[in-house]
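Enquirer: File my_file-v1.txt follows (compact mmCIF, C-alpha atoms):
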```
# COMPACT_ATOMS: atom_id res chain seq x y z
CA LEU L 15 0.00 0.00 0.00
CA GLY L 16 1.25 3.47 -0.80
CA ALA L 17 1.72 6.16 1.80
CA GLU L 18 -1.25 8.41 2.52
CA ALA L 19 -1.08 11.68 0.59
CA PRO L 20 -0.20 14.65 2.83
CA ARG L 21 -3.03 17.03 3.63
CA PRO L 22 -2.75 20.41 1.90
CA SER L 23 -1.70 23.35 4.03
CA ARG L 24 -4.31 25.94 4.96
CA ALA L 25 -2.84 28.37 2.42
CA GLU L 26 -3.12 25.72 -0.30
CA ALA L 27 -6.69 24.92 0.71
CA VAL L 28 -7.66 28.60 0.62
CA ALA L 29 -6.06 29.00 -2.81
CA ALA L 30 -8.02 26.04 -4.13
CA LEU L 31 -11.30 27.47 -2.82
CA ARG L 32 -10.75 31.02 -4.03
CA PRO L 33 -11.98 30.63 -7.67
CA ARG L 34 -15.36 29.29 -6.56
CA TYR L 35 -15.85 32.10 -4.05
CA ARG L 36 -14.86 34.69 -6.66
CA ALA L 37 -17.41 33.26 -9.10
CA ASP L 38 -20.11 33.44 -6.42
CA LEU L 39 -19.29 37.01 -5.44
CA ASP L 40 -19.08 38.22 -9.05
CA GLN L 41 -22.86 37.76 -9.13
CA GLY L 42 -23.35 39.93 -6.02
CA THR L 43 -24.71 39.05 -2.59
CA GLU L 44 -28.24 40.36 -3.17
CA ARG L 45 -29.22 37.08 -4.82
CA PHE L 46 -28.65 35.27 -1.50
CA PHE L 47 -31.75 36.79 0.16
CA GLU L 48 -35.49 36.23 0.08
CA PRO L 49 -37.78 39.26 -0.17
CA ARG L 50 -38.01 41.28 3.01
CA ARG L 51 -41.00 40.44 5.22
CA THR L 52 -43.43 43.02 6.57
CA ASP L 53 -45.05 40.55 8.98
CA CYS L 54 -43.85 38.17 11.69
CA PRO L 55 -43.30 34.60 10.43
CA TRP L 56 -44.41 33.22 13.82
CA CYS L 57 -47.61 35.13 14.70
CA GLY L 58 -48.34 37.24 11.60
CA SER L 59 -48.15 40.61 13.35
CA THR L 60 -46.99 43.59 11.30
CA ARG L 61 -45.63 45.35 14.41
CA LEU L 62 -41.93 44.87 13.70
CA LYS L 63 -38.93 46.86 14.82
CA ARG L 64 -35.25 46.58 14.01
CA ARG L 65 -33.16 44.82 16.66
CA LEU L 66 -29.75 44.65 15.01
CA ARG L 67 -27.76 45.28 11.86
CA THR L 68 -24.45 43.48 11.57
CA LYS L 69 -22.03 41.64 9.32
CA ASP L 70 -20.47 38.18 9.21
CA ARG L 71 -18.08 38.51 12.16
CA PHE L 72 -16.93 34.89 12.02
CA GLN L 73 -15.79 34.21 8.45
CA ASN L 74 -15.81 37.84 7.26
CA LYS L 75 -17.74 36.93 4.14
CA PRO L 76 -19.32 40.02 2.54
CA GLY L 77 -22.93 41.00 3.22
CA ARG L 78 -25.04 42.89 5.74
CA PHE L 79 -27.68 41.24 7.90
CA ARG L 80 -30.64 42.56 9.83
CA LEU L 81 -32.60 41.08 12.72
CA ASP L 82 -36.12 42.31 13.48
CA THR L 83 -38.21 41.84 16.63
CA CYS L 84 -41.96 41.25 16.63
CA ARG L 85 -43.48 43.62 19.19
CA ASP L 86 -46.34 41.17 19.84
CA CYS L 87 -44.84 37.66 20.19
CA ARG L 88 -41.20 38.77 20.78
CA LEU L 89 -39.75 36.57 18.02
CA VAL L 90 -36.41 37.86 16.72
CA PHE L 91 -35.75 36.84 13.12
CA GLN L 92 -33.42 37.53 10.21
CA ASN L 93 -35.13 39.89 7.77
CA PRO L 94 -34.61 39.53 4.86
CA ARG L 95 -33.76 35.88 5.35
CA LEU L 96 -31.12 33.96 3.46
CA ASN L 97 -32.44 31.70 0.70
CA GLY L 98 -31.05 28.27 -0.16
CA ASP L 99 -28.12 29.63 -2.16
CA GLY L 100 -27.31 32.06 0.63
CA LEU L 101 -27.36 29.38 3.30
CA GLU L 102 -25.01 27.23 1.21
CA PHE L 103 -22.63 30.13 0.65
CA TYR L 104 -22.40 31.24 4.28
CA TYR L 105 -22.28 27.72 5.75
CA ARG L 106 -19.58 26.65 3.33
CA ASP L 107 -16.27 25.92 5.12
CA PHE L 108 -17.68 26.82 8.53
CA TYR L 109 -18.49 23.43 10.07
CA ASP L 110 -17.00 21.27 7.32
CA GLY L 111 -14.33 21.70 4.70
CA LEU L 112 -11.87 24.41 5.66
CA GLY L 113 -13.50 24.93 9.06
CA GLU L 114 -13.91 21.27 10.05
CA GLU L 115 -10.81 20.92 12.22
CA GLY L 116 -11.28 24.22 14.07
CA MET L 117 -14.97 23.67 14.82
CA GLY L 118 -14.26 20.09 15.85
CA ASN L 119 -11.77 21.37 18.42
CA VAL L 120 -14.30 23.90 19.75
CA PHE L 121 -17.10 21.37 20.20
CA SER L 122 -14.92 18.57 21.55
CA GLY L 123 -13.81 20.72 24.48
CA ARG L 124 -17.25 21.13 26.11
CA GLN L 125 -17.69 17.77 27.85
CA LYS L 126 -19.05 19.21 31.11
CA MET L 127 -21.81 21.06 29.27
CA TYR L 128 -22.73 17.94 27.26
CA ARG L 129 -22.90 15.87 30.42
CA ARG L 130 -25.22 18.43 32.07
CA ARG L 131 -27.51 18.26 29.05
CA ALA L 132 -27.79 14.47 29.26
CA GLU L 133 -28.26 14.46 33.03
CA ALA L 134 -31.17 16.92 32.70
CA LEU L 135 -33.27 13.98 31.46
CA LYS L 136 -32.71 11.81 34.53
CA PRO L 137 -35.39 13.28 36.83
CA SER L 138 -38.07 12.86 34.16
CA ALA L 139 -37.40 9.50 32.49
CA ASP L 140 -35.81 6.09 32.76
CA ALA L 141 -32.75 5.34 30.65
CA PRO L 142 -33.93 5.58 27.01
CA ALA L 143 -33.43 2.73 24.58
CA LYS L 144 -32.98 4.98 21.51
CA TRP L 145 -32.01 8.66 21.34
CA LEU L 146 -31.88 10.87 18.24
CA ASP L 147 -29.67 13.96 18.40
CA VAL L 148 -30.87 16.37 15.71
CA GLY L 149 -28.26 18.82 14.42
CA THR L 150 -25.59 16.56 15.87
CA GLY L 151 -22.70 18.04 13.86
CA HIS L 152 -19.64 15.91 14.58
CA GLY L 153 -21.44 13.94 17.28
CA HIS L 154 -19.64 15.27 20.35
CA PHE L 155 -22.78 15.44 22.51
CA PRO L 156 -23.79 11.78 21.98
CA GLU L 157 -20.23 10.69 22.65
CA VAL L 158 -20.39 12.24 26.15
CA ALA L 159 -24.04 11.30 26.74
CA ARG L 160 -23.03 7.63 26.48
CA THR L 161 -21.21 8.03 29.80
CA VAL L 162 -24.57 8.96 31.38
CA PHE L 163 -26.67 6.37 29.51
CA PRO L 164 -24.23 3.59 28.49
CA ASP L 165 -26.94 1.21 27.22
CA THR L 166 -28.68 3.74 24.98
CA VAL L 167 -28.40 3.65 21.18
CA PHE L 168 -27.49 7.14 19.99
CA ASP L 169 -28.29 8.17 16.42
CA GLY L 170 -27.38 11.55 14.95
CA LEU L 171 -29.04 13.58 12.21
CA ASP L 172 -27.61 16.54 10.32
CA PHE L 173 -27.52 18.15 6.89
CA THR L 174 -23.73 18.19 6.72
CA GLU L 175 -21.11 15.53 6.09
CA GLY L 176 -20.04 15.90 9.73
CA VAL L 177 -22.69 13.32 10.68
CA GLU L 178 -20.92 10.77 8.50
CA LEU L 179 -17.62 11.57 10.20
CA ALA L 180 -19.35 11.15 13.59
CA GLU L 181 -20.47 7.64 12.62
CA ARG L 182 -17.02 6.68 11.31
CA GLU L 183 -15.44 7.89 14.55
CA GLY L 184 -17.93 5.87 16.62
CA ARG L 185 -19.47 8.88 18.38
CA ILE L 186 -22.94 7.84 17.19
CA ASP L 187 -24.39 4.45 16.31
CA HIS L 188 -26.07 5.57 13.09
CA GLY L 189 -25.61 8.76 11.10
CA ILE L 190 -28.62 10.12 9.22
CA ARG L 191 -28.07 12.88 6.70
CA GLY L 192 -30.96 14.98 5.49
CA SER L 193 -34.02 17.00 6.48
CA PHE L 194 -35.61 16.05 9.80
CA PRO L 195 -39.17 17.08 8.79
CA GLU L 196 -38.88 15.01 5.61
CA LEU L 197 -37.44 11.92 7.31
CA ALA L 198 -39.63 11.93 10.42
CA GLY L 199 -42.82 11.13 8.52
CA GLU L 200 -41.87 7.59 7.52
CA ARG L 201 -38.37 6.39 8.22
CA LEU L 202 -38.12 7.75 11.77
CA ALA L 203 -41.77 7.77 12.87
CA GLY L 204 -42.17 6.55 16.46
CA ALA L 205 -38.61 5.22 16.54
CA TYR L 206 -37.15 7.11 19.52
CA ASP L 207 -37.58 7.59 23.23
CA VAL L 208 -35.70 10.91 23.20
CA VAL L 209 -35.14 13.58 20.55
CA SER L 210 -32.64 16.32 21.37
CA MET L 211 -32.24 19.65 19.58
CA PHE L 212 -29.40 21.58 21.15
CA HIS L 213 -28.86 24.95 19.42
CA TYR L 214 -30.57 23.64 16.32
CA LEU L 215 -33.92 25.40 15.96
CA GLU L 216 -32.32 28.82 15.44
CA HIS L 217 -30.67 27.42 12.27
CA SER L 218 -33.91 26.03 10.84
CA THR L 219 -35.89 27.68 8.06
CA ASP L 220 -39.11 26.32 9.65
CA PRO L 221 -38.89 25.74 13.44
CA ARG L 222 -42.54 24.68 13.65
CA ALA L 223 -41.94 21.88 11.14
CA GLU L 224 -38.98 20.70 13.24
CA LEU L 225 -41.14 20.53 16.38
CA ARG L 226 -43.79 18.55 14.50
CA ALA L 227 -41.06 16.21 13.26
CA ALA L 228 -39.88 15.63 16.84
CA HIS L 229 -43.42 14.73 17.85
CA ARG L 230 -43.68 12.21 15.00
CA ALA L 231 -40.27 10.66 15.70
CA LEU L 232 -41.07 9.97 19.37
CA GLY L 233 -42.85 6.92 20.69
CA PRO L 234 -45.49 7.13 23.45
CA GLY L 235 -44.11 8.82 26.56
CA GLY L 236 -41.07 10.11 24.68
CA HIS L 237 -39.17 13.26 25.58
CA VAL L 238 -37.80 16.16 23.54
CA LEU L 239 -34.89 18.23 24.88
CA ILE L 240 -34.44 21.68 23.38
CA GLU L 241 -31.80 24.34 23.98
CA VAL L 242 -31.92 27.71 22.23
CA PRO L 243 -30.29 31.12 22.73
CA ASP L 244 -32.49 33.66 24.52
CA PRO L 245 -32.33 37.16 22.97
CA GLU L 246 -34.04 38.57 26.07
CA CYS L 247 -31.27 37.40 28.40
CA TRP L 248 -29.02 39.79 30.30
CA PHE L 249 -25.93 39.12 28.16
CA ALA L 250 -27.81 39.82 24.91
CA ARG L 251 -28.85 43.25 26.22
CA LEU L 252 -25.40 43.99 27.67
CA PHE L 253 -23.24 43.03 24.69
CA GLY L 254 -25.51 44.23 21.88
CA ARG L 255 -24.14 43.34 18.46
CA PHE L 256 -21.19 41.55 20.11
CA TRP L 257 -23.39 38.91 21.74
CA LEU L 258 -21.90 35.67 20.42
CA PRO L 259 -25.17 33.73 19.82
CA TRP L 260 -26.41 36.22 17.24
CA LEU L 261 -24.10 34.23 14.92
CA GLN L 262 -25.10 36.05 11.77
CA PRO L 263 -25.93 35.06 9.16
CA GLN L 264 -26.48 31.43 10.22
CA HIS L 265 -29.06 31.96 12.97
CA LEU L 266 -32.42 32.70 11.35
CA TYR L 267 -34.85 32.60 14.29
CA PHE L 268 -34.62 33.34 18.02
CA LEU L 269 -37.73 31.82 19.56
CA PRO L 270 -39.27 33.46 22.63
CA VAL L 271 -39.56 30.99 25.49
CA ALA L 272 -43.30 31.61 25.95
CA GLY L 273 -43.98 31.04 22.26
CA LEU L 274 -41.92 27.85 22.20
CA ARG L 275 -43.72 26.51 25.26
CA LYS L 276 -47.13 27.31 23.72
CA GLU L 277 -46.22 25.56 20.47
CA LEU L 278 -45.02 22.43 22.28
CA GLU L 279 -48.21 22.25 24.35
CA ALA L 280 -50.33 22.64 21.21
CA LEU L 281 -48.58 19.58 19.75
CA GLY L 282 -49.47 17.55 22.83
CA PHE L 283 -46.25 17.83 24.82
CA THR L 284 -46.22 18.53 28.55
CA VAL L 285 -43.37 20.80 29.61
CA VAL L 286 -41.83 19.08 32.65
CA LEU L 287 -38.68 21.20 33.02
CA GLU L 288 -37.66 24.69 31.96
CA GLN L 289 -34.17 25.96 32.74
CA HIS L 290 -32.56 29.34 32.19
CA ARG L 291 -28.78 29.44 32.33
CA GLU L 292 -27.50 31.84 34.94
CA SER L 293 -25.25 34.61 33.67
CA SER L 294 -22.11 32.91 34.99
CA ASP L 295 -21.14 31.13 31.77
CA THR L 296 -17.91 32.71 30.52
CA VAL L 297 -18.54 31.78 26.87
CA ASP L 298 -20.66 34.87 26.14
CA LEU L 299 -18.15 37.15 27.85
CA LEU L 300 -15.12 35.70 26.09
CA GLY L 301 -17.01 35.70 22.80
CA ALA L 302 -17.93 39.37 23.17
CA VAL L 303 -14.30 40.28 23.87
CA TRP L 304 -13.15 38.32 20.82
CA LEU L 305 -15.81 39.84 18.54
CA GLY L 306 -15.06 43.35 19.82
CA ALA L 307 -11.33 42.91 19.26
CA ASN L 308 -11.95 41.74 15.68
CA ALA L 309 -14.63 44.28 14.80
```
In structure tokens, how does this file's structure come out?

Expert:
Amino acid sequence: LGAEAPRPSRAEAVAALRPRYRADLDQGTERFFEPRRTDCPWCGSTRLKRRLRTKDRFQNKPGRFRLDTCRDCRLVFQNPRLNGDGLEFYYRDFYDGLGEEGMGNVFSGRQKMYRRRAEALKPSADAPAKWLDVGTGHGHFPEVARTVFPDTVFDGLDFTEGVELAEREGRIDHGIRGSFPELAGERLAGAYDVVSMFHYLEHSTDPRAELRAAHRALGPGGHVLIEVPDPECWFARLFGRFWLPWLQPQHLYFLPVAGLRKELEALGFTVVLEQHRESSDTVDLLGAVWLGANA
């Protein structure tokens, strides 16, 4: 067998990617957006106000992005929203490709947080037989959750090729690549005891469809675990445009807690636990310092 070919350096990888990015940008960034909305996509109210205008502070790709707040239901949403081509362009080389190694290092270093997430289920349920982690990325949460529930089968679902890497590395039992709402209707219907969505709904183009998919994928007595950034939290108000979880342009929706709870109850869920992280997590503070220094 021949020796494995050496991986290209970062400079070589960037040079190889440059022609495609140039071709995309030659057509302008306006084509990456849907028409601007005059009503709230969650409740239909026309009482909108601007919350934030910002740029891509993470990859420094060109474009300007706006977040609006609905005065009635408190939803914060990207307006105008990225379309399919825009999502592909701004996600490219962030989690996979050029950004795969860096993001893998970030997510792999948060074992304590992943363990807390898994342990949050213990007061409400017995050890689950099957658990689906939606938006699993490289599968770092299921890898740690196994230490809490060693007999549970952990599957992971994601749009990106990271889910395939997670299966190859043994962090999940089965990797499923595709759209959760599309797959939940048949292939995944009633197959799981737990569905988790940790920092996933804010990326979705249709959060309501994702919640319906979770309901379909769960068997009787199943549990859904959801974690989302809260734009009404103290750090969001303090740091303004330098609040790390704005993550523009990837985060499309910031769901108000009351609206999320109401939607879950309408689907037939009973909310058994609601937690709000105290403002002692250093991630937001360190992120704000980093974003401010690189403004």

Enquirer: Hey, which of L:Ile186, L:Val286, L:Ala27, L:Leu261 ends up closest to L:Pro243? Count all atoms listed in the file.

Expert: L:Leu261

Enquirer: Just give me the gap between atom CA of L:Glu157 and atom CA of L:Tyr267 in Å, one decimal is fine.

Expert: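 Interatomic distance, atom CA of L:Glu157 to atom CA of L:Tyr267: 27.6 Å.
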
Enquirer: For each of L:Ala180, L:Val90, L:Val158, L:Leu146, take the minimum atom-to-atom distance to L:Leu202, counting only C-alpha atoms, then give the residue where this is smallest.

Expert: L:Leu146

Enquirer: L:Glu183, L:Asp86, L:Asp165, L:Asp40: which is nearest L:Lys144, counting only C-alpha atoms?

Expert: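 Among the listed residues, L:Asp165 lies closest to L:Lys144.
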
Enquirer: Rounded to one decimal, what separation in Å do you get between atom CA of L:Ala272 and atom CA of L:Arg222?

Expert: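 Atom CA of L:Arg222 lies 14.1 Å from atom CA of L:Ala272.
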
Enquirer: Go through L:Gly151, L:Val167, L:Asp99, L:Arg78 one by one, measure the shortest atom-to-atom distance of each to L:Gln41 using only C-alpha atoms, and give the residue with the smallest value.

Expert: L:Asp99

Enquirer: Show which residues sit within 9 Å of stretch 226-231 of chain L, as a PyMOL selection string. Count all atoms listed in the file, and ignore same-chain residues fewer than 4 positions away.

Expert: chain L and resi 146+194-210+221-222+236-238+278+281-283

Enquirer: Identify, on the basis of all atoms listed in the file, every residue whose closest approach to L:Gly192 does not exceed 12 Å; exclude the query and any residue fewer than 6 positions from it along the same chain; express the result as a PyMOL selection string.

Expert: chain L and resi 148-150+170-178+198+201-202

Enquirer: Got a sec: who's within 12 Å of L:Asn97, counting only C-alpha atoms, leaving out chain neighbours fewer than 2 positions off, as a ChimeraX atom specification?

Expert: /L:43-50,92-95,99-104,218-219,263-264,266

Enquirer: For atom CA of L:Asp147 and atom CA of L:Ala223, quote the distance in Å rounded to one decimal.

Expert: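 Atom-to-atom, atom CA of L:Asp147 and atom CA of L:Ala223 are spaced 16.3 Å apart.
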
Enquirer: For L:Ser138, list every protein, DNA or RNA residue within 12 Å, evaluated using all atoms listed in the file, and leave out those in the same chain fewer than 2 positions away; present the list as number ranges by chain.

Expert: L: 132-136, 140-142, 208, 235-239, 284-287

Enquirer: May I ask which of the residues L:Phe91, L:Arg160, L:Gly233, L:Arg124 is the closest one to L:His217, counting only C-alpha atoms?

Expert: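 Answer, going by the shortest atom-to-atom distance: L:Phe91.
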
Enquirer: Nearest residue to L:Met211 out of L:Gly254, L:Pro164, L:Pro55, L:Pro156, using only C-alpha atoms?

Expert: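 Closest to L:Met211 of all the choices is L:Pro156.
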
Enquirer: Which residues, written as a ChimeraX atom specification, have at least one atom at most 8 Å from L:His188, with all atoms listed in the file counted and residues fewer than 5 positions away on the same chain left out?

Expert: /L:168-170,181

Enquirer: Could you please take those selected residues and save C-alpha atoms as a PDB file, keeping the file's coordinate frame?

Expert:
```pdb
ATOM      1  CA  PHE L 168     -27.490   7.140  19.990  1.00  0.00           C
ATOM      2  CA  ASP L 169     -28.290   8.170  16.420  1.00  0.00           C
ATOM      3  CA  GLY L 170     -27.380  11.550  14.950  1.00  0.00           C
ATOM      4  CA  GLU L 181     -20.470   7.640  12.620  1.00  0.00           C
TER       5      GLU L 181
END
```

Enquirer: Report, as lines of an AutoDock Vina configuration file, the centre and edge lengths in Å (one decimal) of the axis-aligned box enclosing every listed atom of stretch 87-98 of chain L, padded by 3 Å on each side.

Expert:
```
center_x = -37.9
center_y = 34.1
center_z = 10.3
size_x = 19.8
size_y = 17.6
size_z = 26.9
```
